[in-house]
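Coordinates from protein02.pdb are shown below (PDB, C-alpha atoms).
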```pdb
ATOM      1  CA  MET Z   1      26.001  25.719 -85.555
ATOM      2  CA  ILE Z   2      24.264  22.481 -84.552
ATOM      3  CA  LYS Z   3      25.298  20.920 -87.862
ATOM      4  CA  ARG Z   4      28.904  21.648 -86.942
ATOM      5  CA  ARG Z   5      28.564  20.243 -83.422
ATOM      6  CA  TRP Z   6      26.562  17.055 -83.866
ATOM      7  CA  LEU Z   7      29.617  15.065 -84.927
ATOM      8  CA  PHE Z   8      31.455  16.112 -81.759
ATOM      9  CA  TRP Z   9      28.425  15.100 -79.708
ATOM     10  CA  LEU Z  10      28.486  11.717 -81.418
ATOM     11  CA  LEU Z  11      32.206  11.356 -80.671
ATOM     12  CA  ALA Z  12      31.675  12.147 -76.981
ATOM     13  CA  ALA Z  13      28.752   9.700 -76.789
ATOM     14  CA  ALA Z  14      30.769   6.981 -78.528
ATOM     15  CA  LEU Z  15      33.675   7.439 -76.110
ATOM     16  CA  SER Z  16      31.307   7.050 -73.169
ATOM     17  CA  VAL Z  17      29.829   3.876 -74.648
ATOM     18  CA  PHE Z  18      33.280   2.525 -75.465
ATOM     19  CA  PHE Z  19      34.645   2.886 -71.954
ATOM     20  CA  ALA Z  20      31.479   2.028 -70.028
ATOM     21  CA  GLU Z  21      29.926  -0.726 -72.133
ATOM     22  CA  VAL Z  22      32.478  -2.121 -74.582
ATOM     23  CA  ILE Z  23      35.334  -2.402 -72.094
ATOM     24  CA  SER Z  24      33.104  -3.733 -69.319
ATOM     25  CA  GLY Z  25      31.770  -6.369 -71.704
ATOM     26  CA  SER Z  26      28.173  -5.430 -70.896
ATOM     27  CA  SER Z  27      27.645  -4.579 -74.566
ATOM     28  CA  ALA Z  28      30.970  -5.451 -76.153
ATOM     29  CA  PHE Z  29      29.692  -4.843 -79.701
ATOM     30  CA  ALA Z  30      27.393  -1.917 -78.908
ATOM     31  CA  PHE Z  31      28.405  -0.104 -82.112
ATOM     32  CA  PHE Z  32      27.396  -3.032 -84.299
ATOM     33  CA  ASP Z  33      23.873  -4.003 -83.237
ATOM     34  CA  ALA Z  34      20.490  -2.312 -83.097
ATOM     35  CA  TRP Z  35      20.244  -2.346 -79.296
ATOM     36  CA  GLY Z  36      23.575  -0.595 -78.973
ATOM     37  CA  LEU Z  37      22.864   2.049 -81.597
ATOM     38  CA  LEU Z  38      19.225   2.747 -80.726
ATOM     39  CA  VAL Z  39      19.256   2.342 -76.940
ATOM     40  CA  ILE Z  40      22.752   2.373 -75.429
ATOM     41  CA  LEU Z  41      24.292   5.168 -77.520
ATOM     42  CA  PRO Z  42      21.423   7.610 -76.814
ATOM     43  CA  LEU Z  43      21.460   6.615 -73.143
ATOM     44  CA  TYR Z  44      25.099   7.563 -72.662
ATOM     45  CA  GLY Z  45      25.137  10.443 -75.104
ATOM     46  CA  LEU Z  46      22.146  12.224 -73.603
ATOM     47  CA  HIS Z  47      23.443  11.848 -70.055
ATOM     48  CA  LEU Z  48      26.926  13.086 -70.902
ATOM     49  CA  LEU Z  49      25.810  16.048 -73.005
ATOM     50  CA  VAL Z  50      23.023  17.201 -70.687
ATOM     51  CA  LEU Z  51      25.122  16.974 -67.534
ATOM     52  CA  ALA Z  52      28.211  18.556 -69.094
ATOM     53  CA  SER Z  53      26.179  21.417 -70.559
ATOM     54  CA  PHE Z  54      24.464  21.929 -67.189
ATOM     55  CA  ILE Z  55      27.871  22.315 -65.529
ATOM     56  CA  TYR Z  56      29.067  24.796 -68.141
ATOM     57  CA  LYS Z  57      25.891  26.819 -67.833
ATOM     58  CA  ARG Z  58      27.044  27.819 -64.349
ATOM     59  CA  ALA Z  59      30.842  27.733 -64.402
ATOM     60  CA  ARG Z  60      33.937  26.050 -65.728
ATOM     61  CA  PRO Z  61      34.002  22.481 -64.398
ATOM     62  CA  SER Z  62      35.527  21.762 -61.011
ATOM     63  CA  TRP Z  63      36.593  18.360 -59.732
ATOM     64  CA  PRO Z  64      33.681  18.048 -57.233
ATOM     65  CA  ALA Z  65      31.184  19.163 -59.891
ATOM     66  CA  LEU Z  66      32.435  16.601 -62.410
ATOM     67  CA  PHE Z  67      32.324  13.785 -59.879
ATOM     68  CA  LEU Z  68      28.872  14.675 -58.538
ATOM     69  CA  ALA Z  69      27.442  15.059 -62.053
ATOM     70  CA  GLY Z  70      28.885  11.647 -62.882
ATOM     71  CA  ALA Z  71      27.172  10.188 -59.823
ATOM     72  CA  LEU Z  72      23.850  11.568 -61.072
ATOM     73  CA  PHE Z  73      24.695   9.907 -64.394
ATOM     74  CA  GLY Z  74      25.119   6.587 -62.581
ATOM     75  CA  LEU Z  75      21.747   6.782 -60.882
ATOM     76  CA  TYR Z  76      20.153   5.784 -64.183
ATOM     77  CA  GLU Z  77      20.961   2.252 -63.014
ATOM     78  CA  ALA Z  78      17.979   2.530 -60.655
ATOM     79  CA  TYR Z  79      14.958   3.124 -62.877
ATOM     80  CA  ILE Z  80      16.343   2.471 -66.348
ATOM     81  CA  THR Z  81      18.229  -0.800 -65.832
ATOM     82  CA  LYS Z  82      16.957  -1.531 -62.273
ATOM     83  CA  VAL Z  83      20.449  -2.811 -61.417
ATOM     84  CA  LEU Z  84      20.598  -0.805 -58.187
ATOM     85  CA  PHE Z  85      17.580  -2.786 -57.017
ATOM     86  CA  LEU Z  86      18.607  -6.194 -58.355
ATOM     87  CA  PRO Z  87      22.139  -6.485 -59.808
ATOM     88  CA  PRO Z  88      22.783  -9.333 -62.279
ATOM     89  CA  TRP Z  89      25.944 -10.512 -60.501
ATOM     90  CA  ASP Z  90      26.376 -12.721 -57.430
ATOM     91  CA  LEU Z  91      28.466 -10.370 -55.281
ATOM     92  CA  ARG Z  92      25.743  -8.350 -53.531
ATOM     93  CA  LEU Z  93      25.083  -6.400 -50.353
ATOM     94  CA  PRO Z  94      21.295  -5.945 -50.198
ATOM     95  CA  PHE Z  95      19.783  -3.428 -47.788
ATOM     96  CA  ALA Z  96      16.152  -2.326 -47.612
ATOM     97  CA  GLY Z  97      15.464  -3.248 -51.231
ATOM     98  CA  VAL Z  98      18.575  -1.701 -52.792
ATOM     99  CA  ASP Z  99      22.034  -3.145 -53.288
ATOM    100  CA  LEU Z 100      24.751  -1.142 -51.528
ATOM    101  CA  LEU Z 101      27.610  -2.657 -53.542
ATOM    102  CA  ALA Z 102      25.864  -1.812 -56.803
ATOM    103  CA  ILE Z 103      25.433   1.777 -55.605
ATOM    104  CA  THR Z 104      29.041   2.235 -54.492
ATOM    105  CA  THR Z 105      30.396   0.534 -57.620
ATOM    106  CA  LEU Z 106      28.191   2.102 -60.288
ATOM    107  CA  VAL Z 107      27.107   5.434 -58.805
ATOM    108  CA  LEU Z 108      30.359   6.360 -57.036
ATOM    109  CA  TRP Z 109      32.961   4.712 -59.257
ATOM    110  CA  TRP Z 110      32.137   3.360 -62.679
ATOM    111  CA  HIS Z 111      29.854   6.007 -64.114
ATOM    112  CA  PRO Z 112      31.477   9.138 -62.619
ATOM    113  CA  PHE Z 113      34.963   8.141 -63.754
ATOM    114  CA  ILE Z 114      34.531   5.714 -66.663
ATOM    115  CA  SER Z 115      31.272   6.887 -68.243
ATOM    116  CA  PHE Z 116      31.579  10.637 -67.662
ATOM    117  CA  ILE Z 117      34.893  12.215 -66.638
ATOM    118  CA  LEU Z 118      37.201  10.019 -68.741
ATOM    119  CA  PRO Z 119      35.247  10.214 -72.042
ATOM    120  CA  LEU Z 120      34.470  13.921 -71.588
ATOM    121  CA  GLY Z 121      38.124  14.698 -70.926
ATOM    122  CA  LEU Z 122      39.281  12.537 -73.814
ATOM    123  CA  ALA Z 123      36.727  14.104 -76.181
ATOM    124  CA  GLU Z 124      38.058  17.514 -75.152
ATOM    125  CA  TYR Z 125      41.648  16.368 -75.686
ATOM    126  CA  LEU Z 126      40.987  14.802 -79.083
ATOM    127  CA  GLY Z 127      38.568  17.320 -80.513
ATOM    128  CA  THR Z 128      38.837  20.793 -78.949
ATOM    129  CA  SER Z 129      41.242  23.647 -78.261
ATOM    130  CA  SER Z 130      40.551  23.676 -74.487
ATOM    131  CA  ARG Z 131      41.624  21.512 -71.533
ATOM    132  CA  ASP Z 132      39.011  22.390 -68.904
ATOM    133  CA  VAL Z 133      38.504  18.819 -67.687
ATOM    134  CA  ALA Z 134      42.234  18.332 -67.186
ATOM    135  CA  ALA Z 135      42.428  21.689 -65.378
ATOM    136  CA  ALA Z 136      39.678  20.580 -63.004
ATOM    137  CA  LEU Z 137      41.692  17.590 -61.798
ATOM    138  CA  PRO Z 138      43.672  17.997 -58.573
ATOM    139  CA  ALA Z 139      47.216  19.024 -59.471
ATOM    140  CA  GLY Z 140      48.777  15.836 -58.138
ATOM    141  CA  LEU Z 141      46.309  13.662 -59.999
ATOM    142  CA  ARG Z 142      46.868  15.631 -63.203
ATOM    143  CA  ARG Z 143      50.612  15.062 -62.988
ATOM    144  CA  LEU Z 144      50.105  11.396 -62.162
ATOM    145  CA  PHE Z 145      47.894  10.770 -65.175
ATOM    146  CA  GLY Z 146      50.534  12.325 -67.377
ATOM    147  CA  ARG Z 147      52.946   9.510 -66.509
ATOM    148  CA  ARG Z 148      53.452   6.914 -69.206
ATOM    149  CA  TRP Z 149      53.661   4.012 -66.747
ATOM    150  CA  LEU Z 150      50.248   4.852 -65.267
ATOM    151  CA  GLN Z 151      48.632   5.256 -68.676
ATOM    152  CA  PHE Z 152      49.995   1.851 -69.711
ATOM    153  CA  SER Z 153      48.900   0.296 -66.411
ATOM    154  CA  LEU Z 154      45.361   1.600 -66.763
ATOM    155  CA  ALA Z 155      45.221   0.434 -70.383
ATOM    156  CA  GLY Z 156      46.324  -3.022 -69.275
ATOM    157  CA  LEU Z 157      43.744  -3.136 -66.482
ATOM    158  CA  LEU Z 158      40.967  -2.117 -68.867
ATOM    159  CA  GLY Z 159      42.050  -4.807 -71.317
ATOM    160  CA  TRP Z 160      42.041  -7.390 -68.518
ATOM    161  CA  MET Z 161      38.553  -6.317 -67.487
ATOM    162  CA  GLN Z 162      37.229  -6.561 -71.033
ATOM    163  CA  ALA Z 163      38.794  -9.974 -71.675
ATOM    164  CA  SER Z 164      37.376 -11.294 -68.402
ATOM    165  CA  SER Z 165      33.805 -11.019 -69.633
ATOM    166  CA  MET Z 166      34.347 -12.707 -72.998
ATOM    167  CA  PRO Z 167      35.673 -15.926 -74.500
ATOM    168  CA  ALA Z 168      39.325 -16.040 -75.603
ATOM    169  CA  GLY Z 169      39.889 -13.681 -78.508
ATOM    170  CA  GLY Z 170      36.581 -11.895 -78.043
ATOM    171  CA  GLY Z 171      38.114  -9.051 -76.068
ATOM    172  CA  LEU Z 172      40.530  -8.236 -78.852
ATOM    173  CA  LEU Z 173      37.772  -8.287 -81.456
ATOM    174  CA  ALA Z 174      35.533  -6.015 -79.393
ATOM    175  CA  GLY Z 175      38.440  -3.681 -78.685
ATOM    176  CA  LEU Z 176      39.398  -3.397 -82.332
ATOM    177  CA  GLY Z 177      35.804  -2.674 -83.311
ATOM    178  CA  GLY Z 178      35.347  -0.048 -80.617
ATOM    179  CA  LEU Z 179      38.634   1.698 -81.366
ATOM    180  CA  ALA Z 180      37.824   1.727 -85.083
ATOM    181  CA  ILE Z 181      34.557   3.579 -84.430
ATOM    182  CA  VAL Z 182      36.061   6.049 -81.960
ATOM    183  CA  GLY Z 183      39.107   6.607 -84.153
ATOM    184  CA  GLY Z 184      36.985   7.123 -87.255
ATOM    185  CA  LEU Z 185      34.757   9.671 -85.521
ATOM    186  CA  THR Z 186      37.818  11.499 -84.198
ATOM    187  CA  TRP Z 187      39.307  11.673 -87.690
ATOM    188  CA  LEU Z 188      36.047  12.907 -89.202
ATOM    189  CA  TRP Z 189      35.583  15.583 -86.543
ATOM    190  CA  ARG Z 190      39.156  16.867 -86.738
ATOM    191  CA  ARG Z 191      38.978  16.872 -90.536
ATOM    192  CA  GLN Z 192      35.806  18.974 -90.377
ATOM    193  CA  ALA Z 193      36.578  21.336 -87.479
ATOM    194  CA  GLY Z 194      40.286  20.980 -86.842
ATOM    195  CA  ALA Z 195      39.808  21.093 -83.052
ATOM    196  CA  LYS Z 196      39.671  24.897 -83.179
ATOM    197  CA  GLN Z 197      36.806  25.394 -80.714
ATOM    198  CA  ALA Z 198      36.684  25.106 -76.939
ATOM    199  CA  LEU Z 199      34.580  22.455 -75.228
ATOM    200  CA  ALA Z 200      32.287  25.135 -73.796
ATOM    201  CA  ASP Z 201      31.393  26.272 -77.323
ATOM    202  CA  LEU Z 202      30.607  22.777 -78.554
ATOM    203  CA  LEU Z 203      28.235  21.613 -75.831
ATOM    204  CA  PRO Z 204      24.468  22.080 -76.325
ATOM    205  CA  SER Z 205      22.949  25.253 -74.946
ATOM    206  CA  GLY Z 206      19.675  27.170 -74.959
ATOM    207  CA  ARG Z 207      16.864  25.527 -76.862
ATOM    208  CA  THR Z 208      19.045  22.587 -77.921
ATOM    209  CA  GLN Z 209      19.897  21.832 -74.305
ATOM    210  CA  THR Z 210      16.197  21.889 -73.424
ATOM    211  CA  ILE Z 211      15.363  19.500 -76.270
ATOM    212  CA  LEU Z 212      18.067  17.034 -75.194
ATOM    213  CA  LEU Z 213      16.894  17.223 -71.578
ATOM    214  CA  SER Z 214      13.328  16.510 -72.712
ATOM    215  CA  LEU Z 215      14.551  13.499 -74.687
ATOM    216  CA  LEU Z 216      16.408  12.234 -71.629
ATOM    217  CA  VAL Z 217      13.294  12.573 -69.462
ATOM    218  CA  PHE Z 218      11.274  10.712 -72.095
ATOM    219  CA  TYR Z 219      13.976   8.026 -72.149
ATOM    220  CA  TYR Z 220      13.659   7.586 -68.378
ATOM    221  CA  VAL Z 221       9.874   7.290 -68.534
ATOM    222  CA  TRP Z 222       9.927   4.850 -71.448
ATOM    223  CA  THR Z 223      12.549   2.523 -69.981
ATOM    224  CA  THR Z 224      11.042   2.649 -66.492
ATOM    225  CA  ILE Z 225       7.733   1.443 -67.852
ATOM    226  CA  PHE Z 226       8.865  -1.076 -70.452
ATOM    227  CA  LEU Z 227      12.281  -2.373 -69.319
ATOM    228  CA  ARG Z 228      11.995  -4.970 -66.536
ATOM    229  CA  PRO Z 229       9.200  -3.114 -64.670
ATOM    230  CA  GLU Z 230       8.608  -6.182 -62.483
ATOM    231  CA  VAL Z 231      11.965  -5.586 -60.767
ATOM    232  CA  ILE Z 232      10.972  -2.205 -59.314
ATOM    233  CA  PRO Z 233      10.536  -2.760 -55.554
ATOM    234  CA  GLY Z 234       8.155  -1.218 -53.075
ATOM    235  CA  LEU Z 235       7.991   2.403 -51.961
ATOM    236  CA  GLY Z 236      10.583   1.985 -49.186
ATOM    237  CA  ALA Z 237      13.415   1.021 -51.529
ATOM    238  CA  GLN Z 238      12.406   3.686 -54.036
ATOM    239  CA  LEU Z 239      12.460   6.295 -51.275
ATOM    240  CA  ILE Z 240      16.132   5.488 -50.667
ATOM    241  CA  ILE Z 241      16.883   6.155 -54.332
ATOM    242  CA  TRP Z 242      14.906   9.415 -54.234
ATOM    243  CA  LEU Z 243      16.910  10.559 -51.214
ATOM    244  CA  ILE Z 244      20.166   9.701 -53.014
ATOM    245  CA  TYR Z 245      19.005  11.695 -56.035
ATOM    246  CA  ALA Z 246      18.118  14.645 -53.798
ATOM    247  CA  PHE Z 247      21.506  14.509 -52.081
ATOM    248  CA  PHE Z 248      23.494  14.530 -55.301
ATOM    249  CA  ILE Z 249      21.350  17.281 -56.842
ATOM    250  CA  TRP Z 250      21.935  19.420 -53.743
ATOM    251  CA  ALA Z 251      25.655  18.632 -53.687
ATOM    252  CA  LEU Z 252      26.058  19.399 -57.400
ATOM    253  CA  HIS Z 253      24.230  22.698 -56.919
ATOM    254  CA  ARG Z 254      26.629  23.625 -54.095
ATOM    255  CA  ALA Z 255      29.638  22.541 -56.155
ATOM    256  CA  LEU Z 256      28.558  24.747 -59.058
ATOM    257  CA  GLN Z 257      27.994  27.686 -56.719
ATOM    258  CA  GLN Z 258      31.481  27.177 -55.381
ATOM    259  CA  ALA Z 259      33.020  26.732 -58.838
ATOM    260  CA  ALA Z 260      31.517  30.018 -60.021
ATOM    261  CA  GLU Z 261      33.352  31.838 -57.225
ATOM    262  CA  GLN Z 262      36.746  30.224 -57.746
ATOM    263  CA  THR Z 263      39.506  30.522 -60.307
ATOM    264  CA  ARG Z 264      41.249  27.408 -61.527
ATOM    265  CA  PRO Z 265      44.511  26.879 -63.340
ATOM    266  CA  VAL Z 266      44.486  27.006 -67.107
ATOM    267  CA  VAL Z 267      46.062  23.989 -68.781
ATOM    268  CA  THR Z 268      47.776  25.013 -71.990
ATOM    269  CA  PRO Z 269      46.618  22.759 -74.839
ATOM    270  CA  ARG Z 270      49.356  20.729 -76.437
ATOM    271  CA  PRO Z 271      49.202  18.957 -79.788
ATOM    272  CA  ILE Z 272      47.896  15.422 -79.604
ATOM    273  CA  ASP Z 273      50.719  12.978 -78.967
ATOM    274  CA  GLY Z 274      49.736  10.466 -81.626
ATOM    275  CA  VAL Z 275      52.546   8.095 -80.707
ATOM    276  CA  ARG Z 276      51.462   7.968 -77.071
ATOM    277  CA  VAL Z 277      47.834   7.425 -78.046
ATOM    278  CA  ALA Z 278      48.869   4.547 -80.308
ATOM    279  CA  GLU Z 279      51.048   3.028 -77.581
ATOM    280  CA  VAL Z 280      48.248   3.135 -75.005
ATOM    281  CA  ALA Z 281      45.807   1.618 -77.511
ATOM    282  CA  PHE Z 282      48.301  -1.141 -78.294
ATOM    283  CA  VAL Z 283      48.779  -2.014 -74.607
ATOM    284  CA  TYR Z 284      45.003  -2.143 -74.163
ATOM    285  CA  LEU Z 285      44.524  -4.426 -77.182
ATOM    286  CA  LEU Z 286      47.425  -6.662 -76.190
ATOM    287  CA  SER Z 287      46.031  -7.024 -72.686
ATOM    288  CA  SER Z 288      42.522  -7.740 -73.968
ATOM    289  CA  PHE Z 289      43.994 -10.507 -76.132
ATOM    290  CA  LEU Z 290      46.401 -12.125 -73.661
ATOM    291  CA  CYS Z 291      44.093 -11.930 -70.642
ATOM    292  CA  GLY Z 292      41.450 -13.796 -72.601
ATOM    293  CA  TYR Z 293      43.529 -16.940 -72.061
ATOM    294  CA  LEU Z 294      43.842 -16.578 -68.286
ATOM    295  CA  PRO Z 295      42.246 -19.244 -66.049
ATOM    296  CA  PRO Z 296      38.636 -18.496 -65.058
ATOM    297  CA  ASP Z 297      39.595 -17.561 -61.486
ATOM    298  CA  PHE Z 298      41.803 -14.743 -62.762
ATOM    299  CA  LYS Z 299      38.949 -13.478 -64.909
ATOM    300  CA  THR Z 300      36.617 -13.434 -61.910
ATOM    301  CA  LEU Z 301      39.270 -11.574 -59.940
ATOM    302  CA  SER Z 302      39.050  -8.560 -62.261
ATOM    303  CA  PHE Z 303      35.346  -8.245 -61.471
ATOM    304  CA  ALA Z 304      35.979  -8.386 -57.729
ATOM    305  CA  VAL Z 305      38.803  -5.849 -57.989
ATOM    306  CA  ASN Z 306      36.558  -3.478 -59.917
ATOM    307  CA  ILE Z 307      33.788  -3.717 -57.318
ATOM    308  CA  LEU Z 308      35.880  -3.593 -54.154
ATOM    309  CA  PHE Z 309      38.626  -1.139 -55.090
ATOM    310  CA  GLY Z 310      36.273   0.932 -57.224
ATOM    311  CA  SER Z 311      33.862   1.249 -54.311
ATOM    312  CA  LEU Z 312      36.652   2.361 -51.978
ATOM    313  CA  ILE Z 313      37.875   4.957 -54.475
ATOM    314  CA  GLY Z 314      34.340   6.221 -55.029
ATOM    315  CA  LEU Z 315      33.608   6.537 -51.312
ATOM    316  CA  PHE Z 316      36.902   8.362 -50.737
ATOM    317  CA  VAL Z 317      36.284  10.842 -53.567
ATOM    318  CA  LEU Z 318      32.688  11.361 -52.404
ATOM    319  CA  PHE Z 319      33.898  12.208 -48.898
ATOM    320  CA  ARG Z 320      36.506  14.634 -50.225
ATOM    321  CA  ALA Z 321      34.067  16.232 -52.686
ATOM    322  CA  VAL Z 322      31.368  16.812 -50.071
ATOM    323  CA  ALA Z 323      33.908  18.027 -47.511
ATOM    324  CA  SER Z 324      35.159  20.594 -50.015
ATOM    325  CA  LEU Z 325      31.684  22.110 -50.257
ATOM    326  CA  GLY Z 326      31.799  23.485 -46.736
ATOM    327  CA  PRO Z 327      29.217  23.226 -43.948
ATOM    328  CA  LEU Z 328      25.585  22.609 -44.813
ATOM    329  CA  LYS Z 329      24.558  26.011 -43.454
ATOM    330  CA  GLU Z 330      26.512  27.725 -46.242
ATOM    331  CA  SER Z 331      24.021  26.424 -48.819
ATOM    332  CA  ALA Z 332      21.482  28.946 -47.518
ATOM    333  CA  SER Z 333      23.783  31.891 -48.211
TER     334      SER Z 333
END
```

In structure tokens, write the structure found in this file.
Amino acid sequence: MIKRRWLFWLLAAALSVFFAEVISGSSAFAFFDAWGLLVILPLYGLHLLVLASFIYKRARPSWPALFLAGALFGLYEAYITKVLFLPPWDLRLPFAGVDLLAITTLVLWWHPFISFILPLGLAEYLGTSSRDVAAALPAGLRRLFGRRWLQFSLAGLLGWMQASSMPAGGGLLAGLGGLAIVGGLTWLWRRQAGAKQALADLLPSGRTQTILLSLLVFYYVWTTIFLRPEVIPGLGAQLIIWLIYAFFIWALHRALQQAAEQTRPVVTPRPIDGVRVAEVAFVYLLSSFLCGYLPPDFKTLSFAVNILFGSLIGLFVLFRAVASLGPLKESAS
């Protein structure tokens, strides 16, 4: 069974890398260098697969569970990259040894939505017979994301963001390379399996899940020790990160308890709209090309928009997700 699933796992990991690293420009050519293939791809793949399989071990995914799992995903930016302690950009809000803007941007916005929910949902759409991630979205949000104008707008924004971190023409080249890899993996998977299985049946489970979790733990230990260890601050700042970890682990546990008790709508799978997929990809590539020729101030603006608006969205969703879990006393029941 693993031999039939590994290609889907690779597709899901590649989608996460594409959205989180290629589009952000952090590793625009992650699929074409050793660092990307040996470090970045396992980083995103292990997080996505372990967290998604952990959710499915308890229940079908709910919106709070997906968001909170994605926030745990984003906390790798503390000990693996150390960015939550010392971000590489100038726009900062330091507090007690951690950077609050980095936390709200990466932990509450970028990784939950861009690294986890979006690639997991797209992998399910492209390569399975289920639509659990789409069903977990709030009904209004699900309808909104089905609108062509919003899909085109988001594709344009992502292209603008990618072009803003690269010289003119570089965004288009990175986008073409990333789409070629993701598209090729999608074709290979659908040719092999035909998208006949549900997402729940394709995620790792049992002994395989334990092995992947062990690899992820090893990854944390290795990168904590050998990747910029001098940036790790004193115990006070680390204690803040530990408390954030504890909060999100507790909240995810509550969300999974709640999800196991609830029924959610079933979204009927529809055939892939190849024309729409091609149109969205074209808008993204066109934006990544044209925005590469914008003045520098407009490129910087995309970074500020991502941080400020992304932080506001993340804080709002966090508040709604935690509020939906009910009073703290219920966790003891």

Applied to the shown file, which residues does the PyMOL selection byres ((chain Z and resi 286) around 10) return, written as a PDB file with C-alpha atoms, in the coordinates of the input?
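Resulting contents of result-v7.pdb:
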```
ATOM      1  CA  ALA Z 155      45.221   0.434 -70.383  1.00  0.00           C
ATOM      2  CA  GLY Z 156      46.324  -3.022 -69.275  1.00  0.00           C
ATOM      3  CA  GLY Z 159      42.050  -4.807 -71.317  1.00  0.00           C
ATOM      4  CA  TRP Z 160      42.041  -7.390 -68.518  1.00  0.00           C
ATOM      5  CA  GLY Z 171      38.114  -9.051 -76.068  1.00  0.00           C
ATOM      6  CA  LEU Z 172      40.530  -8.236 -78.852  1.00  0.00           C
ATOM      7  CA  GLY Z 175      38.440  -3.681 -78.685  1.00  0.00           C
ATOM      8  CA  VAL Z 280      48.248   3.135 -75.005  1.00  0.00           C
ATOM      9  CA  ALA Z 281      45.807   1.618 -77.511  1.00  0.00           C
ATOM     10  CA  PHE Z 282      48.301  -1.141 -78.294  1.00  0.00           C
ATOM     11  CA  VAL Z 283      48.779  -2.014 -74.607  1.00  0.00           C
ATOM     12  CA  TYR Z 284      45.003  -2.143 -74.163  1.00  0.00           C
ATOM     13  CA  LEU Z 285      44.524  -4.426 -77.182  1.00  0.00           C
ATOM     14  CA  SER Z 287      46.031  -7.024 -72.686  1.00  0.00           C
ATOM     15  CA  SER Z 288      42.522  -7.740 -73.968  1.00  0.00           C
ATOM     16  CA  PHE Z 289      43.994 -10.507 -76.132  1.00  0.00           C
ATOM     17  CA  LEU Z 290      46.401 -12.125 -73.661  1.00  0.00           C
ATOM     18  CA  CYS Z 291      44.093 -11.930 -70.642  1.00  0.00           C
ATOM     19  CA  GLY Z 292      41.450 -13.796 -72.601  1.00  0.00           C
TER      20      GLY Z 292
END
```

Expressed in Å to a single decimal, how great is the separation between CA of Phe247 (chain Z) and CA of Arg320 (chain Z)?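 Straight-line distance from CA of Phe247 (chain Z) to CA of Arg320 (chain Z) works out to 15.1 Å.
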
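When all atoms listed in the file are used to compute distances to Leu51 (chain Z), the closest of the residues Z:Thr268, Z:Gln209, Z:Val182, Z:Gly36 turns out to be Z:Gln209.
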
Figure out the distance between CA of Arg4 (chain Z) and CA of Tyr76 (chain Z), please, to one decimal in Å.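 Here the two named atoms are 29.1 Å from each other.
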
Please compute the CA of Gly70 (chain Z)-CA of His47 (chain Z) distance, one decimal, in Å.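 Rounded to one decimal, the two atoms are 9.0 Å apart.
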
When the PyMOL selection byres ((chain Z and resi 183) around 12) is applied to the structure above, which residues does it catch, written out as a PyMOL selection string? chain Z and resi 11-12+14-15+18+122-123+126-127+175-182+184-190+274+277-278+281

Ile241 (chain Z) environment, 12 Å, all atoms listed in the file, sequence neighbours closer than 2 positions dropped, as number ranges by chain: Z: 72, 74-79, 82-85, 95-100, 103, 107, 232-239, 243-248

Choose the residue, out of Z:Val322, Z:Val17, Z:Val305, Z:Val275, that has the smallest atom-to-atom separation from Arg148 (chain Z); count only C-alpha atoms. Z:Val275

Nearest to Ile272 (chain Z) by atom-to-atom distance, counting only C-alpha atoms, from Z:Ala259, Z:Leu202, Z:Leu38, Z:Ala195: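 Answer, going by the shortest atom-to-atom distance: Z:Ala195.
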